[in-house]
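data_39.pdb (PDB, C-alpha atoms)
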```pdb
ATOM      1  CA  MET A1140     -54.942  27.908  19.244  1.00  0.00           C
ATOM      2  CA  PHE A1141     -57.807  25.390  19.478  1.00  0.00           C
ATOM      3  CA  LYS A1142     -56.590  23.476  16.427  1.00  0.00           C
ATOM      4  CA  ILE A1143     -53.085  23.189  17.822  1.00  0.00           C
ATOM      5  CA  LYS A1144     -54.356  21.795  21.129  1.00  0.00           C
ATOM      6  CA  TYR A1145     -56.638  19.390  19.258  1.00  0.00           C
ATOM      7  CA  LEU A1146     -53.704  18.234  17.123  1.00  0.00           C
ATOM      8  CA  TYR A1147     -51.608  17.817  20.252  1.00  0.00           C
ATOM      9  CA  VAL A1148     -54.308  15.706  21.870  1.00  0.00           C
ATOM     10  CA  MET A1149     -54.664  13.600  18.708  1.00  0.00           C
ATOM     11  CA  ILE A1150     -50.905  13.004  18.547  1.00  0.00           C
ATOM     12  CA  ASN A1151     -50.773  12.029  22.207  1.00  0.00           C
ATOM     13  CA  THR A1152     -53.806   9.740  21.829  1.00  0.00           C
ATOM     14  CA  THR A1153     -52.313   8.083  18.762  1.00  0.00           C
ATOM     15  CA  SER A1154     -48.995   7.732  20.524  1.00  0.00           C
ATOM     16  CA  LEU A1155     -50.726   6.192  23.537  1.00  0.00           C
ATOM     17  CA  ILE A1156     -52.647   3.732  21.354  1.00  0.00           C
ATOM     18  CA  CYS A1157     -49.470   2.760  19.459  1.00  0.00           C
ATOM     19  CA  SER A1158     -47.648   2.284  22.752  1.00  0.00           C
ATOM     20  CA  ALA A1159     -50.466   0.077  24.031  1.00  0.00           C
ATOM     21  CA  PHE A1160     -50.382  -2.089  20.880  1.00  0.00           C
ATOM     22  CA  LEU A1161     -46.605  -2.334  21.109  1.00  0.00           C
ATOM     23  CA  ALA A1162     -46.832  -3.381  24.759  1.00  0.00           C
ATOM     24  CA  VAL A1163     -49.456  -6.033  23.947  1.00  0.00           C
ATOM     25  CA  GLY A1164     -47.314  -7.315  21.063  1.00  0.00           C
ATOM     26  CA  VAL A1165     -44.254  -7.586  23.304  1.00  0.00           C
ATOM     27  CA  LEU A1166     -46.249  -9.312  26.034  1.00  0.00           C
ATOM     28  CA  THR A1167     -47.788 -11.730  23.531  1.00  0.00           C
ATOM     29  CA  ALA A1168     -44.393 -12.588  22.079  1.00  0.00           C
ATOM     30  CA  GLY A1169     -43.083 -13.177  25.595  1.00  0.00           C
ATOM     31  CA  VAL A1170     -46.005 -15.423  26.496  1.00  0.00           C
ATOM     32  CA  SER A1171     -45.570 -17.518  23.357  1.00  0.00           C
ATOM     33  CA  MET A1172     -41.895 -18.007  24.122  1.00  0.00           C
ATOM     34  CA  ALA A1173     -42.659 -18.851  27.746  1.00  0.00           C
ATOM     35  CA  ILE A1174     -45.248 -21.470  26.755  1.00  0.00           C
ATOM     36  CA  THR A1175     -42.777 -23.560  24.751  1.00  0.00           C
ATOM     37  CA  GLY A1176     -39.863 -22.536  26.912  1.00  0.00           C
ATOM     38  CA  GLY A1177     -37.665 -23.387  23.946  1.00  0.00           C
ATOM     39  CA  SER A1178     -38.254 -27.079  24.572  1.00  0.00           C
ATOM     40  CA  VAL A1179     -41.145 -29.528  24.410  1.00  0.00           C
ATOM     41  CA  ASP A1180     -42.405 -30.907  27.743  1.00  0.00           C
ATOM     42  CA  LYS A1181     -40.481 -34.049  28.743  1.00  0.00           C
ATOM     43  CA  ALA A1182     -43.697 -36.080  28.956  1.00  0.00           C
ATOM     44  CA  LEU A1183     -44.072 -35.752  25.175  1.00  0.00           C
ATOM     45  CA  LEU A1184     -40.529 -36.649  24.143  1.00  0.00           C
ATOM     46  CA  GLY A1185     -39.925 -39.913  22.344  1.00  0.00           C
ATOM     47  CA  THR A1186     -41.241 -42.053  19.521  1.00  0.00           C
ATOM     48  CA  TRP A1187     -45.012 -42.511  19.300  1.00  0.00           C
ATOM     49  CA  VAL A1188     -46.736 -45.192  17.191  1.00  0.00           C
ATOM     50  CA  PRO A1189     -50.350 -46.310  16.752  1.00  0.00           C
ATOM     51  CA  ALA A1190     -51.391 -48.003  20.024  1.00  0.00           C
ATOM     52  CA  LYS A1191     -52.100 -51.342  18.325  1.00  0.00           C
ATOM     53  CA  ALA A1192     -48.819 -51.330  16.366  1.00  0.00           C
ATOM     54  CA  ALA A1193     -45.409 -52.674  17.356  1.00  0.00           C
ATOM     55  CA  CYS A1194     -42.766 -50.127  18.276  1.00  0.00           C
ATOM     56  CA  THR A1195     -40.986 -51.018  15.015  1.00  0.00           C
ATOM     57  CA  SER A1196     -43.947 -49.616  13.023  1.00  0.00           C
ATOM     58  CA  PRO A1197     -42.934 -47.607   9.934  1.00  0.00           C
ATOM     59  CA  LEU A1198     -45.711 -45.131  10.876  1.00  0.00           C
ATOM     60  CA  LYS A1199     -44.579 -43.007  13.804  1.00  0.00           C
ATOM     61  CA  VAL A1200     -44.106 -39.519  15.124  1.00  0.00           C
ATOM     62  CA  VAL A1201     -40.828 -38.614  16.798  1.00  0.00           C
ATOM     63  CA  VAL A1202     -41.052 -35.775  19.313  1.00  0.00           C
ATOM     64  CA  GLU A1203     -37.734 -34.155  20.192  1.00  0.00           C
ATOM     65  CA  ALA A1204     -36.969 -31.125  22.334  1.00  0.00           C
ATOM     66  CA  ASN A1205     -37.348 -28.662  19.447  1.00  0.00           C
ATOM     67  CA  LYS A1206     -38.998 -30.550  16.597  1.00  0.00           C
ATOM     68  CA  VAL A1207     -41.644 -33.067  15.597  1.00  0.00           C
ATOM     69  CA  THR A1208     -41.006 -35.510  12.756  1.00  0.00           C
ATOM     70  CA  PHE A1209     -43.810 -37.530  11.190  1.00  0.00           C
ATOM     71  CA  VAL A1210     -42.515 -40.723   9.584  1.00  0.00           C
ATOM     72  CA  ASN A1211     -44.209 -43.225   7.292  1.00  0.00           C
ATOM     73  CA  GLY A1212     -41.519 -45.465   5.822  1.00  0.00           C
ATOM     74  CA  ALA A1213     -39.348 -43.212   3.669  1.00  0.00           C
ATOM     75  CA  GLN A1214     -41.731 -40.223   3.939  1.00  0.00           C
ATOM     76  CA  ARG A1215     -40.854 -37.569   6.485  1.00  0.00           C
ATOM     77  CA  GLN A1216     -42.323 -34.230   7.496  1.00  0.00           C
ATOM     78  CA  VAL A1217     -40.496 -32.095  10.068  1.00  0.00           C
ATOM     79  CA  TYR A1218     -41.896 -29.177  12.087  1.00  0.00           C
ATOM     80  CA  SER A1219     -39.610 -27.082  14.251  1.00  0.00           C
ATOM     81  CA  LYS A1220     -41.719 -24.070  15.254  1.00  0.00           C
ATOM     82  CA  LEU A1221     -43.766 -25.647  18.024  1.00  0.00           C
ATOM     83  CA  ASP A1222     -46.167 -24.568  20.699  1.00  0.00           C
ATOM     84  CA  GLN A1223     -47.689 -26.528  23.552  1.00  0.00           C
ATOM     85  CA  CYS A1224     -50.749 -25.887  25.635  1.00  0.00           C
ATOM     86  CA  PHE A1225     -51.437 -27.265  29.100  1.00  0.00           C
ATOM     87  CA  SER A1226     -54.997 -25.944  29.424  1.00  0.00           C
ATOM     88  CA  CYS A1227     -56.468 -26.301  25.921  1.00  0.00           C
ATOM     89  CA  ALA A1228     -58.473 -29.400  26.884  1.00  0.00           C
ATOM     90  CA  GLY A1229     -60.381 -27.329  29.461  1.00  0.00           C
ATOM     91  CA  ARG A1230     -59.721 -25.991  32.919  1.00  0.00           C
ATOM     92  CA  ASP A1231     -61.087 -29.101  34.655  1.00  0.00           C
ATOM     93  CA  VAL A1232     -58.953 -31.502  32.604  1.00  0.00           C
ATOM     94  CA  GLN A1233     -55.678 -32.537  34.194  1.00  0.00           C
ATOM     95  CA  ASN A1234     -52.564 -34.093  32.649  1.00  0.00           C
ATOM     96  CA  VAL A1235     -53.433 -33.359  28.995  1.00  0.00           C
ATOM     97  CA  ILE A1236     -50.922 -31.501  26.837  1.00  0.00           C
ATOM     98  CA  TRP A1237     -51.496 -30.344  23.275  1.00  0.00           C
ATOM     99  CA  LEU A1238     -48.515 -29.952  20.973  1.00  0.00           C
ATOM    100  CA  SER A1239     -48.763 -28.254  17.588  1.00  0.00           C
ATOM    101  CA  THR A1240     -47.004 -25.771  15.377  1.00  0.00           C
ATOM    102  CA  ASP A1241     -46.729 -22.208  16.587  1.00  0.00           C
ATOM    103  CA  ALA A1242     -49.981 -21.493  14.697  1.00  0.00           C
ATOM    104  CA  MET A1243     -52.027 -23.411  17.287  1.00  0.00           C
ATOM    105  CA  GLY A1244     -55.477 -22.678  15.828  1.00  0.00           C
ATOM    106  CA  ASP A1245     -54.352 -23.163  12.225  1.00  0.00           C
ATOM    107  CA  SER A1246     -51.766 -25.860  12.822  1.00  0.00           C
ATOM    108  CA  PRO A1247     -51.737 -28.782  10.369  1.00  0.00           C
ATOM    109  CA  PHE A1248     -51.703 -31.111  13.380  1.00  0.00           C
ATOM    110  CA  ILE A1249     -52.365 -31.248  17.102  1.00  0.00           C
ATOM    111  CA  ILE A1250     -50.846 -34.021  19.168  1.00  0.00           C
ATOM    112  CA  GLN A1251     -52.916 -34.531  22.315  1.00  0.00           C
ATOM    113  CA  VAL A1252     -51.257 -36.555  25.074  1.00  0.00           C
ATOM    114  CA  ASP A1253     -52.703 -37.666  28.396  1.00  0.00           C
ATOM    115  CA  THR A1254     -49.565 -37.832  30.506  1.00  0.00           C
ATOM    116  CA  ALA A1255     -51.282 -39.876  33.242  1.00  0.00           C
ATOM    117  CA  LYS A1256     -52.344 -42.606  30.794  1.00  0.00           C
ATOM    118  CA  LYS A1257     -49.217 -42.205  28.631  1.00  0.00           C
ATOM    119  CA  SER A1258     -51.330 -42.289  25.489  1.00  0.00           C
ATOM    120  CA  GLY A1259     -52.568 -39.767  23.009  1.00  0.00           C
ATOM    121  CA  MET A1260     -53.899 -39.073  19.550  1.00  0.00           C
ATOM    122  CA  ILE A1261     -53.053 -36.920  16.546  1.00  0.00           C
ATOM    123  CA  ASP A1262     -55.599 -34.578  14.999  1.00  0.00           C
ATOM    124  CA  PHE A1263     -54.918 -33.759  11.326  1.00  0.00           C
ATOM    125  CA  SER A1264     -58.310 -32.126  10.712  1.00  0.00           C
ATOM    126  CA  ASN A1265     -56.659 -28.918   9.437  1.00  0.00           C
ATOM    127  CA  ASP A1266     -54.543 -30.729   6.818  1.00  0.00           C
ATOM    128  CA  LYS A1267     -56.131 -33.633   4.936  1.00  0.00           C
ATOM    129  CA  LYS A1268     -53.029 -34.104   2.738  1.00  0.00           C
ATOM    130  CA  LEU A1269     -50.826 -34.576   5.790  1.00  0.00           C
ATOM    131  CA  ALA A1270     -53.417 -36.982   7.216  1.00  0.00           C
ATOM    132  CA  ALA A1271     -53.266 -39.035   4.005  1.00  0.00           C
ATOM    133  CA  ARG A1272     -49.450 -39.210   4.094  1.00  0.00           C
ATOM    134  CA  PHE A1273     -49.399 -40.179   7.785  1.00  0.00           C
ATOM    135  CA  PRO A1274     -52.589 -42.228   8.370  1.00  0.00           C
ATOM    136  CA  PHE A1275     -52.850 -42.278  12.147  1.00  0.00           C
ATOM    137  CA  GLY A1276     -56.606 -41.680  11.887  1.00  0.00           C
ATOM    138  CA  ASN A1277     -58.312 -41.082  15.223  1.00  0.00           C
ATOM    139  CA  ALA A1278     -56.719 -44.143  16.801  1.00  0.00           C
ATOM    140  CA  PRO A1279     -54.772 -43.750  20.023  1.00  0.00           C
ATOM    141  CA  ILE A1280     -50.987 -43.555  19.986  1.00  0.00           C
ATOM    142  CA  LYS A1281     -48.491 -44.917  22.521  1.00  0.00           C
ATOM    143  CA  ARG A1282     -44.933 -43.973  23.366  1.00  0.00           C
ATOM    144  CA  CYS A1283     -42.210 -46.518  22.703  1.00  0.00           C
ATOM    145  CA  GLY A1284     -39.017 -46.860  24.669  1.00  0.00           C
TER
END
```
Could you rewrite the structure in this file as structure tokens?
Amino acid sequence: MFKIKYLYVMINTTSLICSAFLAVGVLTAGVSMAITGGSVDKALLGTWVPAKAACTSPLKVVVEANKVTFVNGAQRQVYSKLDQCFSCAGRDVQNVIWLSTDAMGDSPFIIQVDTAKKSGMIDFSNDKKLAARFPFGNAPIKRCG
């Protein structure tokens, strides 16, 4: 009788733990979807070039509602699974949005935009090959048009 009760308790405990993990997984998936909202923030949309370059620069990043395209002449790299963060720069920092792939911590890039100054920068520190193909460096970027 004791073993049966113990088994029953173990099954219920395991079931409870599995339910908790499932609930956390569902909540996490919902939060991720809510963060992007299926569309990039309007303040980020458009064509961005190095701040000292003309808007006709062959080096640019085009941010659309559901994708980011890095362009350097004929070279292109498109990312469509995006995530954005409105508080990643710190709780006391206002008007800064980070845009990256849905793997925020391991993303090959992070586009950081100060919406008040309408300027930003691109961090390729997680992908040196991408940085070499699209040499924005640490220079500021500006939105054109």
Output the residue selection produced by the PyMOL selection byres ((chain A and resi 1203-1207) around 6) on the file above, formatted as an NGL selection string. :A and (1178-1179 or 1184 or 1201-1202 or 1208 or 1217-1219)
Neighbours of point (-55.9, -24.0, 25.8) within 12 Å, using all atoms listed in the file, written as a list in words: Ile1174, Asp1222, Gln1223, Cys1224, Phe1225, Ser1226, Cys1227, Ala1228, Gly1229, Arg1230, Asp1231, Val1232, Gln1233, Val1235, Ile1236, Trp1237, Leu1238, Ser1239, Met1243, Gly1244, Ile1249 and Gln1251 of chain A
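With all atoms listed in the file as the atoms that count, the residue of A:Gln1214, A:Thr1186, A:Ser1246, A:Thr1195 with the shortest distance to A:Ala1271 is A:Gln1214.
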Apply the PyMOL selection byres ((chain A and resi 1272-1274) around 12) to the displayed file and report the matching residues as a PyMOL selection string. chain A and resi 1188-1189+1197-1200+1208-1216+1247-1248+1260-1264+1266-1271+1275-1280
Quick check, in Å to one decimal: how far apart do atom CA of A:Leu1183 and atom CA of A:Gly1259 lie?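 So the two atoms, atom CA of A:Leu1183 and atom CA of A:Gly1259, lie 9.6 Å apart.
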Output requested as a PDB file, keeping the file's coordinate frame - stretch 1219-1233 of chain A, filled out with N, CA and C atoms.
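As written to disk, rebuild.pdb reads:
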```
ATOM      1  N   SER A1219     -40.494 -27.534  13.174  1.00  0.00           N
ATOM      2  CA  SER A1219     -39.610 -27.082  14.251  1.00  0.00           C
ATOM      3  C   SER A1219     -40.143 -25.879  15.022  1.00  0.00           C
ATOM      4  N   LYS A1220     -41.130 -25.188  14.518  1.00  0.00           N
ATOM      5  CA  LYS A1220     -41.719 -24.070  15.254  1.00  0.00           C
ATOM      6  C   LYS A1220     -42.932 -24.613  15.989  1.00  0.00           C
ATOM      7  N   LEU A1221     -42.742 -24.945  17.253  1.00  0.00           N
ATOM      8  CA  LEU A1221     -43.766 -25.647  18.024  1.00  0.00           C
ATOM      9  C   LEU A1221     -44.343 -24.795  19.138  1.00  0.00           C
ATOM     10  N   ASP A1222     -45.522 -25.184  19.549  1.00  0.00           N
ATOM     11  CA  ASP A1222     -46.167 -24.568  20.699  1.00  0.00           C
ATOM     12  C   ASP A1222     -46.877 -25.678  21.463  1.00  0.00           C
ATOM     13  N   GLN A1223     -46.977 -25.539  22.749  1.00  0.00           N
ATOM     14  CA  GLN A1223     -47.689 -26.528  23.552  1.00  0.00           C
ATOM     15  C   GLN A1223     -48.643 -25.806  24.482  1.00  0.00           C
ATOM     16  N   CYS A1224     -49.716 -26.490  24.804  1.00  0.00           N
ATOM     17  CA  CYS A1224     -50.749 -25.887  25.635  1.00  0.00           C
ATOM     18  C   CYS A1224     -51.131 -26.879  26.733  1.00  0.00           C
ATOM     19  N   PHE A1225     -51.130 -26.408  27.956  1.00  0.00           N
ATOM     20  CA  PHE A1225     -51.437 -27.265  29.100  1.00  0.00           C
ATOM     21  C   PHE A1225     -52.876 -27.117  29.569  1.00  0.00           C
ATOM     22  N   SER A1226     -53.621 -26.166  28.979  1.00  0.00           N
ATOM     23  CA  SER A1226     -54.997 -25.944  29.424  1.00  0.00           C
ATOM     24  C   SER A1226     -56.003 -25.954  28.270  1.00  0.00           C
ATOM     25  N   CYS A1227     -55.581 -26.345  27.096  1.00  0.00           N
ATOM     26  CA  CYS A1227     -56.468 -26.301  25.921  1.00  0.00           C
ATOM     27  C   CYS A1227     -57.597 -27.327  25.988  1.00  0.00           C
ATOM     28  N   ALA A1228     -57.434 -28.372  26.762  1.00  0.00           N
ATOM     29  CA  ALA A1228     -58.473 -29.400  26.884  1.00  0.00           C
ATOM     30  C   ALA A1228     -59.580 -28.961  27.848  1.00  0.00           C
ATOM     31  N   GLY A1229     -59.385 -27.847  28.519  1.00  0.00           N
ATOM     32  CA  GLY A1229     -60.381 -27.329  29.461  1.00  0.00           C
ATOM     33  C   GLY A1229     -59.793 -27.199  30.846  1.00  0.00           C
ATOM     34  N   ARG A1230     -60.321 -26.277  31.603  1.00  0.00           N
ATOM     35  CA  ARG A1230     -59.721 -25.991  32.919  1.00  0.00           C
ATOM     36  C   ARG A1230     -59.877 -27.137  33.915  1.00  0.00           C
ATOM     37  N   ASP A1231     -60.878 -27.991  33.726  1.00  0.00           N
ATOM     38  CA  ASP A1231     -61.087 -29.101  34.655  1.00  0.00           C
ATOM     39  C   ASP A1231     -60.380 -30.382  34.222  1.00  0.00           C
ATOM     40  N   VAL A1232     -59.656 -30.326  33.117  1.00  0.00           N
ATOM     41  CA  VAL A1232     -58.953 -31.502  32.604  1.00  0.00           C
ATOM     42  C   VAL A1232     -57.495 -31.430  33.058  1.00  0.00           C
ATOM     43  N   GLN A1233     -57.051 -32.470  33.695  1.00  0.00           N
ATOM     44  CA  GLN A1233     -55.678 -32.537  34.194  1.00  0.00           C
ATOM     45  C   GLN A1233     -54.834 -33.454  33.319  1.00  0.00           C
TER      46      GLN A1233
END
```
